[in-house]
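Written below as structure tokens is the structure these notes are about.
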Amino acid sequence: MGTEAGRQALGATSVVEALVVCAVLAVVMVGAAATMSWLCRKVAADALPPQDRAGIRTRWAIASDEAWYAAQRAGLPAFRAMAWISAVVALVCAGAGGAVVLGRVSPDAGLAWSVAGSGAGCLLMLALVPVCLRRARRAVDRLPQRPVAQDPVCG
């Protein structure tokens, strides 16, 4: 049995397979970092319109323009953290792919670094979601309450 055939029989990853996975994960994480960076810029400038497709979109966050902007601003630190996490994971995936190509690590190791890094990054970002929502809800709850308009017919 040849070396390559033996590797495939054992389920070992080829350089090309590892490189493709590393590259795909790196591109996905660059996209996530770019999206979160865009969101951060919009939120920081109060330029993310209410009812947009991005941002914190809960019932209490979309209740009014004031609630919308307060919720988004409160979520900004978590959004920034998510952007940085995505960027770091993209670098890990790209670095793992580069190390495989240069022969510094085995394809299996490069694949493991990319998959583990992406998984850990996604878990960290998911862990930030409840933190972000809690901060946003507190910011909305601190807004002054507006009096409810009386219906002229029903009183």
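Following the order of the structure tokens, chains are lettered A, B, ..., residues in each are numbered from 1, and ligands are numbered from 1.
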Could the residues of stretch 27-74 of chain A that have an atom at most 6 Å from stretch 82-91 of chain A be listed as a Markdown table, each with its closest atom pair and the distance in Å to one decimal, counting only C-alpha atoms and ordered by chain and ascending residue number?
| residue | atom | partner | partner_atom | distance |
| --- | --- | --- | --- | --- |
| A:Met29 | CA | A:Ala90 | CA | 5.0 |
| A:Val30 | CA | A:Ala90 | CA | 5.7 |
| A:Ala33 | CA | A:Ala83 | CA | 4.5 |
| A:Met36 | CA | A:Ala83 | CA | 5.0 |
| A:Ser37 | CA | A:Ala83 | CA | 5.7 |
Identify, on the basis of only C-alpha atoms, every residue whose closest approach to A:Arg142 does not exceed 12 Å; exclude the query and any residue fewer than 2 positions from it along the same chain; express the result as a PyMOL selection string.
chain A and resi 66-67+70-71+74+135-140+144-146
Between atom CA of A:Trp68 and atom CA of A:Asp46 - distance in Å to one decimal:
9.8 Å
For A:Gly55, find every residue with an atom within 8 Å (counting only C-alpha atoms), except residues of its own chain fewer than 6 positions away, and show them as a PyMOL selection string.
chain A and resi 39+48+72
At a cut-off of 12 Å, using only C-alpha atoms, what residues contact A:Gly95? Leave out same-chain residues fewer than 2 positions from it and give the result as a list in words.
Ala18, Leu19, Cys22, Ala23, Leu25, Ala26, Val88, Val89, Ala90, Leu91, Val92, Cys93, Gly97, Gly98, Ala99, Val100, Val101, Leu102, Arg104, Val105, Ala109, Gly110, Leu111, Trp113, Ser114 and Gly117 of chain A
Only N, CA and C atoms, please: the residues just picked out, written as a compact mmCIF listing (two decimals), in the first residue's frame.
# COMPACT_ATOMS: atom_id res chain seq x y z
N ALA A 18 -7.41 19.90 4.09
CA ALA A 18 -7.18 20.77 5.25
C ALA A 18 -7.16 22.23 4.81
N LEU A 19 -6.50 22.51 3.70
CA LEU A 19 -6.41 23.88 3.21
C LEU A 19 -7.78 24.43 2.83
N CYS A 22 -9.70 25.13 6.11
CA CYS A 22 -9.13 26.31 6.76
C CYS A 22 -9.53 27.59 6.02
N ALA A 23 -9.45 27.54 4.69
CA ALA A 23 -9.79 28.72 3.89
C ALA A 23 -11.27 29.07 4.01
N LEU A 25 -13.37 28.33 6.48
CA LEU A 25 -13.63 28.86 7.82
C LEU A 25 -13.07 30.27 7.99
N ALA A 26 -11.89 30.52 7.43
CA ALA A 26 -11.30 31.87 7.51
C ALA A 26 -12.18 32.89 6.79
N VAL A 88 -10.05 37.41 15.16
CA VAL A 88 -9.00 36.55 15.70
C VAL A 88 -9.16 35.12 15.20
N VAL A 89 -10.39 34.63 15.18
CA VAL A 89 -10.63 33.26 14.68
C VAL A 89 -10.26 33.17 13.20
N ALA A 90 -10.56 34.20 12.42
CA ALA A 90 -10.18 34.20 11.01
C ALA A 90 -8.66 34.10 10.87
N LEU A 91 -7.93 34.81 11.71
CA LEU A 91 -6.47 34.74 11.68
C LEU A 91 -5.97 33.35 12.08
N VAL A 92 -6.60 32.75 13.08
CA VAL A 92 -6.22 31.39 13.49
C VAL A 92 -6.43 30.42 12.33
N CYS A 93 -7.57 30.51 11.67
CA CYS A 93 -7.86 29.60 10.55
C CYS A 93 -6.88 29.83 9.39
N GLY A 97 -4.03 27.17 8.05
CA GLY A 97 -3.90 26.79 6.64
C GLY A 97 -2.51 27.08 6.10
N GLY A 98 -1.98 28.23 6.48
CA GLY A 98 -0.62 28.57 6.06
C GLY A 98 0.42 27.62 6.62
N ALA A 99 0.24 27.22 7.88
CA ALA A 99 1.17 26.28 8.50
C ALA A 99 1.12 24.92 7.82
N VAL A 100 -0.07 24.53 7.37
CA VAL A 100 -0.20 23.26 6.65
C VAL A 100 0.53 23.35 5.31
N VAL A 101 0.32 24.43 4.59
CA VAL A 101 0.95 24.60 3.28
C VAL A 101 2.47 24.62 3.41
N LEU A 102 2.97 25.29 4.44
CA LEU A 102 4.42 25.38 4.64
C LEU A 102 5.01 24.11 5.24
N ARG A 104 4.65 23.10 8.32
CA ARG A 104 4.99 23.29 9.74
C ARG A 104 4.15 22.40 10.65
N VAL A 105 2.92 22.10 10.22
CA VAL A 105 2.05 21.20 10.99
C VAL A 105 1.42 20.21 10.01
N ALA A 109 -3.54 18.42 12.09
CA ALA A 109 -3.37 19.44 13.13
C ALA A 109 -3.93 20.78 12.65
N GLY A 110 -3.67 21.13 11.40
CA GLY A 110 -4.20 22.39 10.87
C GLY A 110 -5.72 22.39 10.85
N LEU A 111 -6.27 21.26 10.46
CA LEU A 111 -7.72 21.12 10.45
C LEU A 111 -8.27 21.23 11.88
N TRP A 113 -6.95 22.79 14.46
CA TRP A 113 -6.85 24.18 14.92
C TRP A 113 -7.97 25.03 14.35
N SER A 114 -8.25 24.86 13.07
CA SER A 114 -9.30 25.66 12.43
C SER A 114 -10.68 25.34 12.99
N GLY A 117 -10.80 26.33 16.74
CA GLY A 117 -10.82 27.79 16.87
C GLY A 117 -12.16 28.38 16.48
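Considering only C-alpha atoms, the residue among A:Gly75, A:Gly121, A:Pro107, A:Pro49 positioned nearest to A:Arg134 is A:Gly75.
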Check chain A with DSSP on the backbone and list each residue it calls alpha helix (DSSP H), as a ChimeraX atom specification.
/A:3-9,15-44,65-101,107-141
Keeping only C-alpha atoms, write those residues as a compact mmCIF listing (two decimals), in the first residue's frame.
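Output saved as result28.txt:
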# COMPACT_ATOMS: atom_id res chain seq x y z
CA THR A 3 1.88 6.22 1.49
CA GLU A 4 -1.07 8.28 0.22
CA ALA A 5 -3.30 5.20 0.01
CA GLY A 6 -2.30 4.28 3.56
CA ARG A 7 -3.11 7.78 4.80
CA GLN A 8 -6.51 7.70 3.14
CA ALA A 9 -7.22 4.21 4.53
CA VAL A 15 -3.15 18.90 2.54
CA VAL A 16 -5.75 20.05 0.01
CA GLU A 17 -8.67 19.02 2.23
CA ALA A 18 -7.18 20.77 5.25
CA LEU A 19 -6.41 23.88 3.21
CA VAL A 20 -9.95 24.05 1.81
CA VAL A 21 -11.52 23.74 5.27
CA CYS A 22 -9.13 26.31 6.76
CA ALA A 23 -9.79 28.72 3.89
CA VAL A 24 -13.57 28.34 4.05
CA LEU A 25 -13.63 28.86 7.82
CA ALA A 26 -11.30 31.87 7.51
CA VAL A 27 -13.52 33.45 4.84
CA VAL A 28 -16.67 32.85 6.90
CA MET A 29 -15.07 34.42 9.97
CA VAL A 30 -13.78 37.40 7.95
CA GLY A 31 -17.36 37.89 6.76
CA ALA A 32 -18.61 37.75 10.34
CA ALA A 33 -15.96 40.24 11.46
CA ALA A 34 -16.80 42.60 8.60
CA THR A 35 -20.53 42.38 9.34
CA MET A 36 -20.03 43.02 13.05
CA SER A 37 -17.64 45.91 12.31
CA TRP A 38 -20.24 47.46 9.99
CA LEU A 39 -22.86 47.06 12.74
CA CYS A 40 -20.54 48.68 15.29
CA ARG A 41 -19.93 51.70 13.06
CA LYS A 42 -23.66 52.14 12.42
CA VAL A 43 -24.60 51.79 16.10
CA ALA A 44 -21.81 54.11 17.30
CA ASP A 65 -37.11 55.05 18.54
CA GLU A 66 -35.68 55.93 21.96
CA ALA A 67 -35.77 52.28 23.04
CA TRP A 68 -34.21 51.20 19.76
CA TYR A 69 -31.21 53.52 20.00
CA ALA A 70 -30.73 52.89 23.74
CA ALA A 71 -30.72 49.11 23.20
CA GLN A 72 -28.28 49.29 20.29
CA ARG A 73 -25.88 51.59 22.16
CA ALA A 74 -25.97 49.30 25.21
CA GLY A 75 -25.17 46.32 23.01
CA LEU A 76 -22.22 48.03 21.33
CA PRO A 77 -19.50 46.58 23.65
CA ALA A 78 -20.74 43.05 22.94
CA PHE A 79 -20.94 43.79 19.21
CA ARG A 80 -17.31 45.01 19.30
CA ALA A 81 -16.22 41.90 21.19
CA MET A 82 -17.94 39.72 18.58
CA ALA A 83 -16.15 41.57 15.78
CA TRP A 84 -12.77 41.05 17.46
CA ILE A 85 -13.47 37.39 18.22
CA SER A 86 -14.41 36.81 14.57
CA ALA A 87 -11.25 38.54 13.37
CA VAL A 88 -9.00 36.55 15.70
CA VAL A 89 -10.63 33.26 14.68
CA ALA A 90 -10.18 34.20 11.01
CA LEU A 91 -6.47 34.74 11.68
CA VAL A 92 -6.22 31.39 13.49
CA CYS A 93 -7.86 29.60 10.55
CA ALA A 94 -5.68 31.39 7.99
CA GLY A 95 -2.58 30.72 10.08
CA ALA A 96 -3.45 27.04 10.40
CA GLY A 97 -3.90 26.79 6.64
CA GLY A 98 -0.62 28.57 6.06
CA ALA A 99 1.17 26.28 8.50
CA VAL A 100 -0.20 23.26 6.65
CA VAL A 101 0.95 24.60 3.28
CA PRO A 107 -2.98 18.56 7.78
CA ASP A 108 -4.83 16.93 10.66
CA ALA A 109 -3.37 19.44 13.13
CA GLY A 110 -4.20 22.39 10.87
CA LEU A 111 -7.72 21.12 10.45
CA ALA A 112 -8.06 20.63 14.21
CA TRP A 113 -6.85 24.18 14.92
CA SER A 114 -9.30 25.66 12.43
CA VAL A 115 -12.30 23.67 13.57
CA ALA A 116 -11.52 24.07 17.28
CA GLY A 117 -10.82 27.79 16.87
CA SER A 118 -14.02 28.36 14.95
CA GLY A 119 -16.05 26.35 17.42
CA ALA A 120 -14.56 28.18 20.41
CA GLY A 121 -15.11 31.55 18.74
CA CYS A 122 -18.74 30.75 17.96
CA LEU A 123 -19.32 29.59 21.54
CA LEU A 124 -17.80 32.80 22.88
CA MET A 125 -20.02 34.88 20.62
CA LEU A 126 -23.09 32.89 21.66
CA ALA A 127 -22.15 33.45 25.31
CA LEU A 128 -22.14 37.21 24.64
CA VAL A 129 -25.74 37.22 23.37
CA PRO A 130 -27.45 37.02 26.80
CA VAL A 131 -24.98 39.57 28.19
CA CYS A 132 -25.80 41.90 25.31
CA LEU A 133 -29.55 41.42 25.74
CA ARG A 134 -29.38 41.98 29.50
CA ARG A 135 -27.43 45.24 29.06
CA ALA A 136 -29.84 46.40 26.35
CA ARG A 137 -32.91 45.59 28.44
CA ARG A 138 -31.50 47.53 31.40
CA ALA A 139 -30.80 50.53 29.16
CA VAL A 140 -34.36 50.47 27.82
CA ASP A 141 -35.80 50.06 31.32
Find the distance between atom CA of A:Ala45 and atom CA of A:Trp60 and write it in Å to one decimal.
21.3 Å
